[in-house]
Structures are given as C-alpha cells and as structure tokens.
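start-v2.cif follows; it contains mmCIF, C-alpha atoms.
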data_input
#
loop_
_atom_site.label_atom_id
_atom_site.label_comp_id
_atom_site.auth_asym_id
_atom_site.auth_seq_id
_atom_site.Cartn_x
_atom_site.Cartn_y
_atom_site.Cartn_z
CA HIS R 1 -8.43 4.39 -14.14
CA LYS R 2 -6.22 5.66 -16.96
CA GLY R 3 -2.89 7.20 -16.08
CA TYR R 4 -0.07 6.19 -13.78
CA PHE R 5 -1.77 3.22 -12.10
CA SER R 6 -2.86 1.55 -15.35
CA GLN R 7 0.64 2.06 -16.78
CA ALA R 8 2.17 0.51 -13.65
CA LEU R 9 -0.25 -2.41 -13.91
CA ASN R 10 0.60 -3.04 -17.57
CA GLN R 11 4.33 -2.94 -16.83
CA ALA R 12 3.94 -5.23 -13.80
CA LEU R 13 1.83 -7.67 -15.82
CA ARG R 14 4.55 -7.97 -18.45
CA LEU R 15 7.17 -8.65 -15.78
CA ALA R 16 5.09 -11.13 -13.79
CA GLU R 17 3.92 -13.01 -16.88
CA LYS R 18 7.49 -13.43 -18.09
CA ASP R 19 9.18 -14.76 -14.92
CA GLN R 20 6.33 -15.46 -12.45
CA ARG R 21 7.81 -13.05 -9.90
CA ILE R 22 7.41 -9.36 -8.98
CA LEU R 23 8.52 -7.07 -6.14
CA PHE R 24 6.69 -3.82 -5.35
CA TYR R 25 7.98 -1.20 -2.96
CA GLY R 26 6.48 2.14 -1.98
CA GLU R 27 4.79 4.06 0.82
CA GLN R 28 1.84 2.73 2.79
CA GLY R 29 -1.42 2.77 0.83
CA VAL R 30 -0.07 3.43 -2.69
CA GLY R 31 -1.82 0.37 -4.16
CA LYS R 32 0.76 -2.43 -3.92
CA ARG R 33 -1.76 -5.06 -2.78
CA THR R 34 -4.30 -3.95 -5.38
CA LEU R 35 -1.68 -4.35 -8.12
CA VAL R 36 -0.89 -7.89 -6.95
CA GLN R 37 -4.59 -8.82 -6.86
CA LEU R 38 -5.11 -7.47 -10.39
CA ILE R 39 -2.04 -9.33 -11.69
CA HIS R 40 -3.28 -12.54 -10.06
CA GLU R 41 -6.70 -12.17 -11.70
CA SER R 42 -5.23 -11.22 -15.09
CA LEU R 43 -2.91 -14.24 -15.12
CA GLN R 44 -5.89 -16.43 -14.09
CA ARG R 45 -3.91 -18.25 -11.44
CA LYS R 46 -5.56 -20.73 -9.08
CA SER R 47 -5.55 -19.01 -5.68
CA LEU R 48 -4.10 -15.95 -3.94
CA LYS R 49 -2.43 -16.17 -0.52
CA PHE R 50 -0.90 -13.37 1.59
CA ILE R 51 1.97 -14.23 3.98
CA ASP R 52 2.77 -11.84 6.85
CA CYS R 53 6.58 -11.83 7.20
CA GLU R 54 6.43 -9.96 10.53
CA LYS R 55 5.16 -13.09 12.30
CA ASN R 56 7.32 -15.57 14.25
CA GLU R 57 9.80 -17.12 11.82
CA ASP R 58 9.68 -20.62 13.35
CA ILE R 59 5.92 -20.74 12.82
CA LEU R 60 6.31 -19.17 9.38
CA GLU R 61 8.85 -21.83 8.36
CA LYS R 62 6.55 -24.69 9.43
CA ASN R 63 3.59 -23.12 7.65
CA LEU R 64 5.53 -22.55 4.43
CA PHE R 65 7.52 -25.75 4.11
CA GLY R 66 5.35 -28.23 6.01
CA TYR R 67 6.10 -30.26 9.15
CA ARG R 68 5.64 -33.60 10.90
CA ASP R 69 3.41 -33.64 13.96
CA GLU R 70 4.02 -35.62 17.16
CA TYR R 71 2.53 -38.74 15.52
CA GLY R 72 4.88 -38.55 12.54
CA VAL R 73 2.18 -37.40 10.15
CA PHE R 74 3.46 -34.91 7.56
CA HIS R 75 1.39 -31.78 6.97
CA LYS R 76 1.83 -30.02 3.63
CA GLY R 77 3.19 -26.47 3.66
CA ILE R 78 1.69 -23.43 1.96
CA LEU R 79 4.20 -23.66 -0.90
CA GLU R 80 2.86 -27.06 -1.90
CA GLU R 81 -0.79 -26.27 -1.18
CA GLN R 82 -0.66 -23.09 -3.31
CA ASP R 83 0.75 -24.86 -6.38
CA GLY R 84 -0.65 -23.08 -9.44
CA GLY R 85 -1.47 -19.95 -7.43
CA THR R 86 0.10 -16.69 -6.28
CA LEU R 87 2.00 -16.23 -3.01
CA VAL R 88 2.38 -12.67 -1.71
CA PHE R 89 4.99 -11.96 0.96
CA LEU R 90 4.05 -8.83 2.95
CA TYR R 91 6.92 -6.89 4.62
CA LEU R 92 9.45 -9.21 2.95
CA ASP R 93 12.36 -7.07 4.14
CA LYS R 94 11.39 -7.64 7.80
CA LEU R 95 12.60 -11.26 7.71
CA SER R 96 16.00 -12.11 9.16
CA GLU R 97 18.88 -12.30 6.69
CA SER R 98 19.22 -16.07 7.18
CA PHE R 99 15.51 -16.66 6.47
CA GLN R 100 15.69 -14.41 3.40
CA LYS R 101 18.58 -16.54 2.07
CA LYS R 102 16.58 -19.72 2.70
CA LEU R 103 13.57 -18.28 0.84
CA ALA R 104 15.74 -17.15 -2.09
CA ASP R 105 17.17 -20.67 -2.42
CA ILE R 106 13.68 -22.22 -2.35
CA PHE R 107 12.28 -19.68 -4.83
CA GLU R 108 15.09 -20.39 -7.31
CA ARG R 109 14.36 -24.13 -7.17
CA LEU R 110 10.56 -24.11 -7.27
CA SER R 111 10.48 -25.78 -10.71
CA ASP R 112 12.84 -28.50 -9.41
CA TYR R 113 10.17 -29.33 -6.82
CA GLY R 114 7.52 -29.42 -9.55
CA LEU R 115 5.82 -26.28 -8.21
CA ASN R 116 4.24 -23.60 -10.38
CA LEU R 117 4.00 -20.49 -8.22
CA CYS R 118 3.91 -16.76 -8.92
CA ILE R 119 5.92 -15.08 -6.13
CA ALA R 120 5.21 -11.46 -5.18
CA GLY R 121 7.02 -9.44 -2.54
CA LEU R 122 5.72 -6.20 -0.99
CA VAL R 123 8.02 -3.77 0.83
CA GLU R 124 6.81 -0.62 2.60
CA ILE R 125 9.12 2.39 2.71
CA GLU R 126 9.07 5.65 4.65
CA SER R 127 7.23 8.65 3.29
CA GLY R 128 9.40 10.87 1.10
CA ARG R 129 11.87 8.17 0.01
CA SER R 130 12.24 8.00 -3.76
CA VAL R 131 15.40 5.94 -4.24
CA ASN R 132 15.64 2.17 -3.95
CA PRO R 133 16.04 1.63 -0.19
CA LEU R 134 15.74 -2.17 -0.24
CA LYS R 135 17.61 -3.69 2.68
CA MET R 136 17.42 -7.35 1.79
CA ASP R 137 19.73 -10.30 1.38
CA LYS R 138 21.72 -10.20 -1.89
CA LYS R 139 20.28 -13.54 -3.02
CA LEU R 140 16.72 -12.29 -2.61
CA ILE R 141 17.50 -9.01 -4.40
CA TYR R 142 19.07 -11.04 -7.22
CA TYR R 143 15.97 -13.27 -7.42
CA PHE R 144 13.81 -10.18 -8.07
CA GLN R 145 16.42 -8.56 -10.34
CA ASN R 146 14.74 -6.61 -13.16
CA GLN R 147 11.38 -7.58 -11.61
CA THR R 148 11.25 -4.74 -9.06
CA MET R 149 8.93 -1.71 -9.27
CA PHE R 150 8.67 1.48 -7.21
CA ILE R 151 5.06 2.69 -6.86
CA GLN R 152 4.80 6.48 -6.69
CA PRO R 153 2.96 8.15 -3.77
CA LEU R 154 -0.42 9.71 -4.54
CA LYS R 155 0.93 13.29 -4.29
CA LYS R 156 2.92 12.58 -7.48
CA ARG R 157 -0.24 11.37 -9.27
CA GLN R 158 -2.57 14.39 -9.13
CA GLN R 159 -4.65 13.55 -12.22
CA GLU R 160 -5.24 10.08 -10.82
CA CYS R 161 -6.14 11.62 -7.45
CA GLU R 162 -9.00 13.49 -9.14
CA ASP R 163 -10.22 10.23 -10.72
CA LEU R 164 -10.02 8.47 -7.35
CA VAL R 165 -11.98 11.22 -5.55
CA ASN R 166 -14.77 10.87 -8.13
CA TYR R 167 -14.64 7.06 -8.03
CA PHE R 168 -14.72 6.69 -4.22
CA PHE R 169 -17.43 9.34 -3.87
CA GLN R 170 -19.68 7.54 -6.37
CA HIS R 171 -18.79 4.12 -4.93
CA TYR R 172 -19.76 4.98 -1.34
CA CYS R 173 -22.88 6.85 -2.46
CA ASN R 174 -23.96 3.60 -4.19
CA VAL R 175 -22.96 1.37 -1.26
CA LEU R 176 -24.77 3.56 1.29
CA GLN R 177 -27.66 4.25 -1.13
CA LYS R 178 -27.32 8.02 -0.92
CA LYS R 179 -27.72 10.79 -3.48
CA LEU R 180 -25.26 13.49 -2.47
CA PHE R 181 -23.82 16.63 -4.02
CA MET R 182 -20.13 17.53 -3.80
CA SER R 183 -19.06 20.99 -5.01
CA SER R 184 -15.96 21.63 -7.13
CA GLU R 185 -14.51 23.54 -4.14
CA ILE R 186 -14.71 20.43 -1.91
CA LYS R 187 -13.30 18.21 -4.67
CA SER R 188 -10.44 20.64 -5.19
CA LYS R 189 -9.55 20.56 -1.49
CA LEU R 190 -9.62 16.74 -1.50
CA ILE R 191 -7.44 16.57 -4.62
CA GLN R 192 -4.84 19.03 -3.35
CA LYS R 193 -4.44 17.39 0.06
CA ASN R 194 -1.19 15.56 0.82
CA TYR R 195 -2.24 12.06 1.97
CA LYS R 196 0.42 10.37 4.07
CA GLY R 197 -1.59 7.14 3.89
CA ASN R 198 -2.03 7.65 0.14
CA ILE R 199 -5.01 5.89 -1.57
CA THR R 200 -6.08 4.08 1.62
CA GLU R 201 -6.31 7.34 3.56
CA LEU R 202 -8.21 9.11 0.77
CA LYS R 203 -10.67 6.21 0.45
CA GLU R 204 -11.39 6.12 4.21
CA LEU R 205 -11.80 9.90 4.36
CA ILE R 206 -14.39 9.91 1.56
CA GLU R 207 -16.22 6.96 3.12
CA ASP R 208 -16.52 8.97 6.37
CA LEU R 209 -17.72 12.07 4.50
CA VAL R 210 -20.43 10.16 2.62
CA THR R 211 -21.50 8.39 5.82
CA ARG R 212 -22.00 11.68 7.70
CA ALA R 213 -23.62 13.76 4.96
CA THR R 214 -27.35 13.78 4.19
CA ASP R 215 -27.80 15.96 1.07
CA GLU R 216 -24.44 17.60 0.39
CA ILE R 217 -20.84 17.24 1.53
CA THR R 218 -20.11 20.66 3.00
CA LEU R 219 -16.97 22.42 4.14
CA ASN R 220 -18.06 21.82 7.73
CA HIS R 221 -18.18 18.06 7.05
CA LEU R 222 -14.69 18.23 5.55
CA VAL R 223 -13.24 20.21 8.46
CA SER R 224 -14.97 18.02 11.06
CA VAL R 225 -14.09 14.63 9.53
CA GLY R 226 -10.59 15.79 8.69
CA SER R 227 -10.01 16.98 12.25
CA SER R 228 -11.07 13.60 13.67
CA ARG R 229 -8.39 12.00 11.45
CA ASN R 230 -5.66 14.55 12.30
CA MET R 231 -6.06 16.06 8.83
CA TYR R 232 -6.84 19.76 8.79
CA PHE R 233 -8.70 21.60 6.03
CA GLU R 234 -9.06 25.37 5.83
CA ASN R 235 -12.62 26.70 5.72
CA SER R 236 -13.89 29.67 3.69
CA VAL R 237 -12.80 32.27 6.25
CA GLY R 238 -9.43 30.80 7.06
CA ILE R 239 -8.99 27.98 9.50
CA GLU R 240 -11.42 26.33 11.87
CA LEU R 241 -11.30 27.19 15.55
CA MET R 242 -9.25 24.50 17.25
CA THR R 243 -7.15 23.77 20.30
CA ILE R 244 -3.59 25.08 20.55
CA ARG R 245 -2.31 21.53 20.14
CA GLN R 246 -4.35 21.08 16.93
CA ALA R 247 -3.06 24.41 15.61
CA GLU R 248 0.52 23.32 16.33
CA ILE R 249 -0.05 20.12 14.31
CA VAL R 250 -1.47 22.15 11.39
CA LEU R 251 1.59 24.43 11.36
CA ILE R 252 3.99 21.48 11.56
CA GLN R 253 2.20 19.71 8.69
CA LYS R 254 2.28 22.87 6.57
CA ALA R 255 5.99 23.37 7.28
CA LEU R 256 6.76 19.75 6.36
CA ILE R 257 4.82 20.03 3.10
CA HIS R 258 6.60 23.32 2.30
CA THR R 259 10.05 21.75 2.91
CA ASN R 260 9.23 18.43 1.20
CA GLU R 261 9.35 16.53 4.52
CA ASN R 262 12.73 18.02 5.57
CA ARG R 263 12.36 18.15 9.37
CA THR R 264 15.46 20.30 9.94
CA LYS R 265 14.25 23.01 7.54
CA ALA R 266 10.70 22.76 8.93
CA ALA R 267 11.99 23.26 12.50
CA ARG R 268 13.99 26.31 11.35
CA ILE R 269 10.90 27.86 9.72
CA LEU R 270 8.83 27.27 12.88
CA GLY R 271 11.60 28.57 15.11
CA VAL R 272 11.91 25.41 17.16
CA SER R 273 14.90 23.15 17.88
#
What would you get if you wrote out this structure as structure tokens?
Amino acid sequence: HKGYFSQALNQALRLAEKDQRILFYGEQGVGKRTLVQLIHESLQRKSLKFIDCEKNEDILEKNLFGYRDEYGVFHKGILEEQDGGTLVFLYLDKLSESFQKKLADIFERLSDYGLNLCIAGLVEIESGRSVNPLKMDKKLIYYFQNQTMFIQPLKKRQQECEDLVNYFFQHYCNVLQKKLFMSSEIKSKLIQKNYKGNITELKELIEDLVTRATDEITLNHLVSVGSSRNMYFENSVGIELMTIRQAEIVLIQKALIHTNENRTKAARILGVS
C-alpha cells in the first residue's frame, strides 16, 4: 500500500542494506514483523529466523552460540547456521543487561568470525508512547545507532487504515470464497475505530466479520463481533443494549480516547477516583 508503510519500508531498506542491521520499535501490531520479512525478501538473504528473547537465557545462549554435549560433540549455534540469512530478535529489550552486552560484542565482531548476518531487533512499547523509550544496554543501543525506526500506530495512519480495511475485506472474501457487500457506513466505522492492537486487531476483526456474514456485513454483525472482542460500535439508533459492565467499558474507552490515553483526566471526566 502507498503511504506511511511503504515510506517506512523504503527507509528501512536503505538502512538495512547499508549496515545489515535494523531496530524497529512501536506498539503491538503496527507491522514490525511484516517490515522485517519484506526487508529480508528484498535483500534476497538466505533464510529468516525469529528468536524469542523472553525465553530462558541459558537455553538461548546455547542455541545461539552452540554447545558441546555430554559426549564432547560440538553442536553449531543459530548464529553459525544462519550465515547468509536474517536473524530477528523479538523483545530484545527483555534480555538481562549482561546478556545484551554479550550480544552487542558478538554482533560487532560478526565479520571477524566470517559470518554474514543481517541483524534485526524488535521492541514493543506501551500504547500512547511516542518518544524513544528504549531501555537497553548502551553497547546495544550504540550498535543500532542511526539504524533505529519508530513505527507509528495505526490511529496516526488513517489513509492507510482505509486501504487496509479494503485489502483485508477483499482478502478474506477470496480466502473464504464469499461475495459480500460492505456499505460505506460500515467502512467508515471500521476506519475511525481506535485499534489498540493496531493492524493485527483490524485484520482479525475483519476476518471474523467476513466469516459470520452471508450476503452483507451489517451493523448488527459489527456490533456483535466487536462486542465479543471488547470493542464497541454504536448502531444507527445509538448504542447496542448491553450489560452494565459492558457499558462501563464503553464509557472508559471513550474517555481514554477523548483524553489521548490520559488516565487521570479520564477518571476526572467519569467522576471516579
């Protein structure tokens, strides 16, 4: 799609192609993994491997650097096995400071070991944060210096949101072999919604809508599917009948949107402490 995402991809490609390293940070579901996959394909690297940095660090160290078993046989680590490929470190900031330092040292010396690797780091931040919140070891931050990109949340990319609504609707109609109609009113409500899970949440919502509908995606479908996902959409006469607890959640969500996620101001508006 044209717009913000394609611009981000082009910028990231230039950075990754130059120094074989890139760090993305942003909210959950903004497209960080997709960007890495597209960079990997564009650079035509050998293989793509994701590393979960929230796992046990002792096991992670053995898997990355290799180890000798009880018989003295050495088993290659992922770094060596992935030579010529792309290594993606998920939740990079979750590693201990000492392990981050060790990784930074290894990354800086990859060429000394005869390894040709593209290193990508992904860091997830809280919703509403727009400044660089990276809490990582100085060596690791220095390694990704000038190779770090913040990916905007979907609410800041409204034109792209419209493109994505159209794309996912058509995609799931094709996958599920359905011919459905979606009115401009439904599209408008989907586009204007604030998605805390960003692109991932929008995609899953539209998949559910297409799955449930037979001829047309109606307002009732939107209200029903949204409610099952703790996302509330107003219907043509106001708001759907719901439990008191559901109504409370709707009011809280509206107050948070109105105050740009400021909980203190939201609480004041709602008259709660």
ask   = From the set R:Asn63, R:Thr86, R:Ser227, R:Val210, which residue has the shortest atom-to-atom contact distance to R:Leu180, counting only C-alpha atoms?
value =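 Nearest candidate to R:Leu180 out of R:Asn63, R:Thr86, R:Ser227, R:Val210: R:Val210.
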ask   = Could you list as a ChimeraX atom specification every residue that has an atom within 8 Å of (7.8, -2.5, -8.1), using the file's coordinates and counting all atoms listed in the file?
value = /R:12,22-26,147-151
inquiry  = Give me the residues near stretch 45-52 of chain R as a ChimeraX atom specification, where near means some atom within 12 Å (using all atoms listed in the file) and where sequence neighbours in that chain fewer than 4 positions away do not count.
reply    = /R:16-17,20,33,36-41,56-57,59-61,63-64,78-79,81-95,116-123
request  = Extract, using only C-alpha atoms, all DNA, RNA and protein residues at most 9 Å from R:Phe168, discarding same-chain residues fewer than 2 positions from it, and format them as a VMD selection string.
outcome  = chain R and resid 163 to 166 170 to 173 202 to 203 206 to 207
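Atom to atom, atom CA of R:Lys196 and atom CA of R:Glu126 stand 9.9 Å apart.
For the pair atom CA of R:Glu97 and atom CA of R:Glu54, the separation is 13.2 Å.
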Using only the atoms of stretch 260-265 of chain R listed in the file, plus 3 Å on each side, state the axis-aligned box centre and edge lengths in Å rounded to one decimal, as lines of an AutoDock Vina configuration file.
center_x = 12.3
center_y = 19.8
center_z = 5.6
size_x = 12.2
size_y = 12.5
size_z = 14.7
Which residues are near stretch 104-109 of chain R? Cut-off 7 Å, all atoms listed in the file, ignore same chain within fewer than 6 positions. Put them as a compact mmCIF listing (two decimals) with C-alpha atoms, in the frame of the given file.
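Result went into around_39.txt, see below:
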# COMPACT_ATOMS: atom_id res chain seq x y z
CA LYS R 139 20.28 -13.54 -3.02
CA LEU R 140 16.72 -12.29 -2.61
CA TYR R 143 15.97 -13.27 -7.42
request  = Just say which residues the PyMOL selection byres ((chain R and resi 159) around 12) picks in this file, as a ChimeraX atom specification.
outcome  = /R:1-5,154-158,160-166,188,191-192
request  = Take atom CA of R:Glu201 and atom CA of R:Ser228 and report the distance between them in Å, one decimal.
outcome  =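 Rounded to one decimal, the two atoms are 12.8 Å apart.
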